[in-house]
file protein04.cif (mmCIF, C-alpha atoms)
data_query
#
loop_
_atom_site.label_atom_id
_atom_site.label_comp_id
_atom_site.auth_asym_id
_atom_site.auth_seq_id
_atom_site.Cartn_x
_atom_site.Cartn_y
_atom_site.Cartn_z
CA MET I 1 -8.23 14.73 -18.24
CA THR I 2 -7.17 13.87 -21.77
CA GLU I 3 -8.79 11.06 -23.74
CA VAL I 4 -5.65 8.94 -23.31
CA SER I 5 -5.60 9.29 -19.53
CA ASP I 6 -9.35 8.61 -19.42
CA ARG I 7 -8.71 5.34 -21.23
CA ALA I 8 -5.89 4.40 -18.86
CA ASP I 9 -8.09 5.25 -15.88
CA ALA I 10 -10.87 3.00 -17.22
CA ALA I 11 -8.44 0.15 -17.95
CA VAL I 12 -7.07 0.30 -14.38
CA ARG I 13 -10.59 0.31 -12.92
CA GLU I 14 -11.35 -2.75 -15.04
CA VAL I 15 -8.35 -4.81 -13.87
CA ASN I 16 -8.97 -3.70 -10.27
CA ALA I 17 -12.57 -4.98 -10.61
CA ALA I 18 -11.26 -8.23 -12.16
CA PHE I 19 -9.01 -8.65 -9.09
CA TYR I 20 -11.98 -8.47 -6.69
CA ALA I 21 -14.08 -10.69 -9.00
CA ALA I 22 -11.33 -13.35 -8.88
CA LEU I 23 -11.16 -12.98 -5.10
CA GLU I 24 -14.94 -13.35 -4.68
CA ALA I 25 -14.99 -16.35 -7.01
CA CYS I 26 -11.99 -17.91 -5.18
CA ASP I 27 -10.62 -18.49 -8.70
CA LEU I 28 -6.85 -18.94 -8.67
CA ASP I 29 -6.53 -18.94 -12.49
CA ALA I 30 -8.43 -15.68 -12.77
CA MET I 31 -6.29 -14.26 -9.94
CA ALA I 32 -3.11 -15.34 -11.77
CA ASP I 33 -4.30 -13.46 -14.89
CA VAL I 34 -4.49 -10.21 -12.92
CA TRP I 35 -0.95 -10.31 -11.48
CA GLU I 36 2.51 -9.75 -12.86
CA HIS I 37 4.45 -12.98 -12.30
CA SER I 38 7.73 -11.55 -11.03
CA ASP I 39 9.97 -11.13 -7.98
CA ARG I 40 8.89 -7.54 -7.45
CA VAL I 41 5.24 -8.23 -6.64
CA SER I 42 4.03 -8.27 -3.04
CA VAL I 43 0.85 -8.93 -1.13
CA THR I 44 -0.19 -8.02 2.41
CA HIS I 45 -3.47 -9.58 3.55
CA PRO I 46 -5.16 -8.01 6.61
CA GLY I 47 -3.04 -8.79 9.69
CA TRP I 48 -0.54 -10.86 7.67
CA PRO I 49 3.14 -10.15 7.13
CA MET I 50 4.09 -8.94 3.65
CA LEU I 51 4.79 -11.73 1.14
CA ARG I 52 7.02 -10.99 -1.84
CA GLY I 53 7.43 -12.70 -5.22
CA TRP I 54 4.75 -14.33 -7.36
CA ALA I 55 5.20 -17.85 -5.94
CA LYS I 56 4.48 -16.69 -2.36
CA VAL I 57 1.69 -14.38 -3.52
CA ALA I 58 0.00 -17.21 -5.47
CA GLY I 59 0.46 -19.60 -2.53
CA SER I 60 -1.28 -17.17 -0.20
CA TRP I 61 -4.29 -16.86 -2.52
CA ASP I 62 -4.44 -20.63 -2.82
CA ALA I 63 -4.47 -20.98 1.00
CA ILE I 64 -7.11 -18.26 1.37
CA PHE I 65 -9.33 -19.74 -1.34
CA ARG I 66 -9.14 -23.20 0.24
CA ASN I 67 -10.26 -21.79 3.59
CA THR I 68 -12.98 -19.46 2.36
CA GLY I 69 -16.58 -20.66 2.11
CA TYR I 70 -18.04 -17.38 0.92
CA ILE I 71 -16.61 -13.90 0.50
CA GLN I 72 -18.21 -10.73 -0.84
CA PHE I 73 -16.69 -7.25 -1.22
CA VAL I 74 -18.51 -3.96 -1.28
CA LEU I 75 -15.93 -1.42 -2.44
CA THR I 76 -16.30 2.22 -1.45
CA ASP I 77 -14.37 5.48 -1.81
CA GLU I 78 -12.31 4.22 -4.75
CA GLN I 79 -9.68 6.56 -6.22
CA VAL I 80 -7.55 5.76 -9.28
CA VAL I 81 -4.34 7.65 -10.06
CA VAL I 82 -2.38 6.97 -13.27
CA VAL I 83 1.20 8.27 -13.69
CA GLY I 84 2.73 7.08 -16.95
CA ASP I 85 2.88 3.29 -16.94
CA THR I 86 2.09 2.97 -13.23
CA ALA I 87 -1.20 3.35 -11.42
CA TRP I 88 -2.44 2.99 -7.89
CA VAL I 89 -5.94 2.48 -6.56
CA THR I 90 -6.96 3.23 -2.97
CA LEU I 91 -10.32 2.09 -1.64
CA ASP I 92 -12.21 0.71 1.32
CA GLU I 93 -13.14 -2.96 1.39
CA ASN I 94 -16.36 -3.83 3.23
CA ILE I 95 -16.12 -7.60 3.55
CA LEU I 96 -18.77 -10.24 4.30
CA GLN I 97 -17.39 -13.76 4.60
CA SER I 98 -17.71 -17.24 6.05
CA ALA I 99 -14.97 -19.71 6.85
CA GLY I 100 -16.12 -23.28 7.37
CA SER I 101 -19.44 -22.64 9.13
CA ASP I 102 -22.52 -21.04 7.57
CA GLU I 103 -22.18 -17.98 9.78
CA LEU I 104 -21.28 -14.76 7.95
CA SER I 105 -19.05 -12.18 9.57
CA GLY I 106 -18.43 -8.62 8.47
CA SER I 107 -15.19 -6.67 8.57
CA LYS I 108 -13.71 -3.52 7.13
CA ALA I 109 -10.31 -3.12 5.52
CA THR I 110 -8.59 -0.44 3.48
CA ALA I 111 -6.44 -1.26 0.48
CA THR I 112 -3.74 0.11 -1.77
CA ASN I 113 -3.41 -1.67 -5.13
CA VAL I 114 -0.54 -0.84 -7.49
CA PHE I 115 -0.56 -1.73 -11.22
CA VAL I 116 2.02 -1.50 -14.00
CA ARG I 117 1.22 -1.26 -17.73
CA GLU I 118 2.90 -3.89 -19.87
CA GLY I 119 1.96 -3.58 -23.52
CA ASP I 120 -1.81 -3.28 -23.61
CA SER I 121 -2.36 -4.81 -20.18
CA TRP I 122 -2.29 -3.44 -16.67
CA LEU I 123 -0.99 -6.00 -14.16
CA MET I 124 -1.15 -5.93 -10.36
CA VAL I 125 2.21 -5.61 -8.61
CA VAL I 126 1.11 -4.72 -5.04
CA HIS I 127 -2.01 -5.54 -3.05
CA HIS I 128 -1.86 -4.20 0.49
CA SER I 129 -5.00 -4.60 2.56
CA SER I 130 -5.17 -3.80 6.26
CA PRO I 131 -7.80 -4.11 8.96
CA VAL I 132 -9.58 -0.95 10.14
CA ALA I 133 -10.20 -0.98 13.90
CA ASP I 134 -13.88 -0.80 14.89
CA ASP I 135 -13.45 2.65 16.39
CA GLY I 136 -11.57 3.82 13.25
CA MET A 1 20.55 -1.85 -13.97
CA THR A 2 21.57 1.19 -15.93
CA GLU A 3 23.28 4.13 -14.32
CA VAL A 4 20.09 6.21 -14.65
CA SER A 5 17.93 3.63 -12.88
CA ASP A 6 20.63 3.21 -10.19
CA ARG A 7 20.40 6.95 -9.54
CA ALA A 8 16.59 6.85 -9.34
CA ASP A 9 16.77 3.88 -6.99
CA ALA A 10 19.19 5.74 -4.70
CA ALA A 11 17.06 8.91 -4.77
CA VAL A 12 13.95 6.94 -3.76
CA ARG A 13 15.85 5.23 -0.93
CA GLU A 14 16.96 8.66 0.25
CA VAL A 15 13.47 10.17 0.40
CA ASN A 16 12.12 7.00 1.99
CA ALA A 17 14.80 7.33 4.68
CA ALA A 18 13.92 11.04 5.09
CA PHE A 19 10.31 10.01 5.67
CA TYR A 20 11.27 7.71 8.58
CA ALA A 21 13.71 10.31 9.94
CA ALA A 22 10.89 12.90 10.03
CA LEU A 23 8.65 10.35 11.73
CA GLU A 24 11.27 9.48 14.37
CA ALA A 25 11.95 13.19 14.99
CA CYS A 26 8.19 13.93 15.17
CA ASP A 27 9.04 16.84 12.86
CA LEU A 28 5.98 18.03 10.94
CA ASP A 29 7.95 20.44 8.73
CA ALA A 30 10.36 17.71 7.67
CA MET A 31 7.36 15.40 7.08
CA ALA A 32 5.72 18.09 4.91
CA ASP A 33 8.88 18.29 2.78
CA VAL A 34 8.64 14.58 1.95
CA TRP A 35 5.02 14.59 0.73
CA GLU A 36 3.28 15.83 -2.37
CA HIS A 37 0.68 18.36 -1.23
CA SER A 38 -2.29 17.28 -3.34
CA ASP A 39 -5.71 15.61 -3.26
CA ARG A 40 -4.36 12.32 -4.56
CA VAL A 41 -2.12 11.51 -1.57
CA SER A 42 -3.28 9.05 1.08
CA VAL A 43 -2.08 7.63 4.37
CA THR A 44 -3.11 4.54 6.31
CA HIS A 45 -1.60 4.26 9.78
CA PRO A 46 -1.69 0.80 11.45
CA GLY A 47 -5.32 0.00 12.34
CA TRP A 48 -6.57 3.37 11.05
CA PRO A 49 -8.96 4.03 8.19
CA MET A 50 -7.39 5.47 5.03
CA LEU A 51 -7.11 9.27 5.00
CA ARG A 52 -6.95 11.07 1.65
CA GLY A 53 -5.69 14.52 0.66
CA TRP A 54 -2.74 16.44 2.06
CA ALA A 55 -4.76 18.33 4.72
CA LYS A 56 -5.99 15.10 6.34
CA VAL A 57 -2.61 13.41 5.93
CA ALA A 58 -0.83 16.36 7.60
CA GLY A 59 -3.45 16.47 10.36
CA SER A 60 -2.88 12.79 11.14
CA TRP A 61 0.88 13.29 11.45
CA ASP A 62 0.30 16.30 13.71
CA ALA A 63 -1.99 14.21 15.96
CA ILE A 64 0.48 11.30 16.04
CA PHE A 65 3.46 13.58 16.80
CA ARG A 66 1.57 15.28 19.66
CA ASN A 67 0.83 11.88 21.23
CA THR A 68 4.22 10.26 20.73
CA GLY A 69 6.88 10.48 23.42
CA TYR A 70 9.47 8.39 21.63
CA ILE A 71 9.42 6.34 18.46
CA GLN A 72 12.17 4.39 16.72
CA PHE A 73 12.02 2.36 13.52
CA VAL A 74 14.25 -0.53 12.53
CA LEU A 75 13.50 -1.14 8.85
CA THR A 76 14.06 -4.59 7.36
CA ASP A 77 13.52 -6.38 4.05
CA GLU A 78 13.33 -3.14 2.05
CA GLN A 79 12.69 -3.40 -1.70
CA VAL A 80 12.62 -0.43 -4.08
CA VAL A 81 11.01 -0.62 -7.54
CA VAL A 82 11.19 2.30 -9.97
CA VAL A 83 8.97 2.41 -13.08
CA GLY A 84 9.39 5.65 -15.00
CA ASP A 85 8.39 8.54 -12.75
CA THR A 86 6.77 6.34 -10.12
CA ALA A 87 8.36 4.17 -7.44
CA TRP A 88 7.19 2.00 -4.63
CA VAL A 89 9.02 0.76 -1.56
CA THR A 90 7.90 -2.24 0.48
CA LEU A 91 9.48 -2.98 3.86
CA ASP A 92 8.89 -4.18 7.40
CA GLU A 93 8.73 -1.67 10.22
CA ASN A 94 9.98 -2.88 13.60
CA ILE A 95 8.73 -0.17 15.95
CA LEU A 96 9.74 0.77 19.50
CA GLN A 97 7.67 3.55 21.01
CA SER A 98 6.29 5.22 24.12
CA ALA A 99 3.11 7.24 24.45
CA GLY A 100 2.90 9.37 27.57
CA SER A 101 4.59 7.03 30.06
CA ASP A 102 8.26 6.04 30.02
CA GLU A 103 7.42 2.46 29.13
CA LEU A 104 8.53 1.35 25.69
CA SER A 105 6.44 -1.07 23.67
CA GLY A 106 7.42 -2.94 20.54
CA SER A 107 5.30 -3.72 17.52
CA LYS A 108 5.70 -4.89 13.95
CA ALA A 109 4.09 -3.43 10.88
CA THR A 110 4.56 -3.80 7.15
CA ALA A 111 4.45 -0.85 4.79
CA THR A 112 3.96 0.13 1.16
CA ASN A 113 5.25 3.61 0.27
CA VAL A 114 4.59 5.10 -3.18
CA PHE A 115 6.56 8.04 -4.61
CA VAL A 116 6.23 10.17 -7.74
CA ARG A 117 9.08 12.09 -9.42
CA GLU A 118 8.40 15.76 -9.94
CA GLY A 119 11.32 17.53 -11.55
CA ASP A 120 14.39 16.50 -9.56
CA SER A 121 12.46 15.44 -6.48
CA TRP A 122 10.70 12.27 -5.48
CA LEU A 123 7.63 12.96 -3.32
CA MET A 124 5.55 10.55 -1.24
CA VAL A 125 1.99 10.02 -2.46
CA VAL A 126 0.99 6.91 -0.46
CA HIS A 127 2.07 5.59 2.94
CA HIS A 128 0.19 2.44 3.91
CA SER A 129 1.34 0.75 7.11
CA SER A 130 -0.50 -2.16 8.69
CA PRO A 131 -0.10 -4.19 11.86
CA VAL A 132 1.34 -7.70 11.60
CA ALA A 133 -0.37 -10.14 13.98
CA ASP A 134 1.95 -11.73 16.55
CA ASP A 135 1.60 -15.15 14.95
CA GLY A 136 2.22 -13.66 11.47
#
call {"tool": "encode", "arguments": {"input": "protein04.cif", "output": "structure tokens"}}
result
Amino acid sequence: MTEVSDRADAAVREVNAAFYAALEACDLDAMADVWEHSDRVSVTHPGWPMLRGWAKVAGSWDAIFRNTGYIQFVLTDEQVVVVGDTAWVTLDENILQSAGSDELSGSKATATNVFVREGDSWLMVVHHSSPVADDG
Amino acid sequence: MTEVSDRADAAVREVNAAFYAALEACDLDAMADVWEHSDRVSVTHPGWPMLRGWAKVAGSWDAIFRNTGYIQFVLTDEQVVVVGDTAWVTLDENILQSAGSDELSGSKATATNVFVREGDSWLMVVHHSSPVADDG
């Protein structure tokens, strides 16, 4: 890879990590910083229908954060691909979380995250996470 | 939109339609024509773990086609976004299918499809489809 594409790759990894940090912190402001605020963004949470447009995306994070006591992600098998001003990251999400009670439950999902470069920043435009069946 | 971006939008819609036509026809050769044959491609079928690289992607389609008697897709809420030489399509998949028996079953999934332009062609690099829960 060239030095330029190395830099883009590192910048995408950084914003992808910031996305999961915002998610773990249940921090809506930090989550808002990661996303493009436009009609073309979309989010699919595991088992959910796709939601499109920043208002619906933000609303879904707000609802999730309000109902999450604790959530931790161990990310594995991450791959970053940069093509011009677009990038996508694929990875596995190993999730430990609690909702309401103190009991922690584990689950596995797989995600596709798409980012677009705007000026010096990479912003998330798609987060699609889906449940992996236990026998998967 | 400019005329150039209109043309790109139409070309992406066309290859996205060719992808679902290959899937409905259970035609592995037609499916191979739609995809980039590289290490950076990935597929996530509903409930499956993510598979990466053309060999694994092709193998998964072969397995699905061998085990599918009939499959039909009604696609709704399609959105195409083109950024330079990359594009992504988000849509809902309303699926009618039979496996083995004559009985048809319906299901709903939501998909993110990513394409990259190479010369005059747009090729699929990511297909991520996930089940939507009945109450979703």
call {"tool": "atom_distance", "arguments": {"input": "protein04.cif", "atom1": "atom CA of A:Gly84", "atom2": "atom CA of A:Met50"}}
result
26.1 Å
call {"tool": "interface_residues", "arguments": {"input": "protein04.cif", "of": "chain I", "to": "chain A", "cutoff": "7 Å", "atoms": "all atoms listed in the file", "output": "PyMOL selection string"}}
result
chain I and resi 47-50+83+86+110+130-133+136
call {"tool": "residues_near_point", "arguments": {"input": "protein04.cif", "point": "(-2.0, 13.8, 4.6)", "cutoff": "9 Å", "atoms": "all atoms listed in the file", "output": "PyMOL selection string"}}
result
chain A and resi 32+35-39+41-43+51-61+125
call {"tool": "axis_aligned_box", "arguments": {"input": "protein04.cif", "around": "stretch 23-32 of chain A", "padding_each_side": "8 Å", "output": "lines of an AutoDock Vina configuration file"}}
result
center_x = 8.8
center_y = 15.0
center_z = 10.0
size_x = 22.2
size_y = 27.0
size_z = 26.3
call {"tool": "residues_around", "arguments": {"input": "protein04.cif", "residues": "A:Glu103", "least_positions_apart": "5", "cutoff": "10 Å", "atoms": "only C-alpha atoms", "output": "compact mmCIF listing (two decimals) with C-alpha atoms, keeping the file's coordinate frame"}}
result
# COMPACT_ATOMS: atom_id res chain seq x y z
CA GLY A 69 6.88 10.48 23.42
CA TYR A 70 9.47 8.39 21.63
CA GLN A 97 7.67 3.55 21.01
CA SER A 98 6.29 5.22 24.12
call {"tool": "atom_distance", "arguments": {"input": "protein04.cif", "atom1": "atom CA of A:Ser5", "atom2": "atom CA of A:Trp122"}}
result
13.5 Å
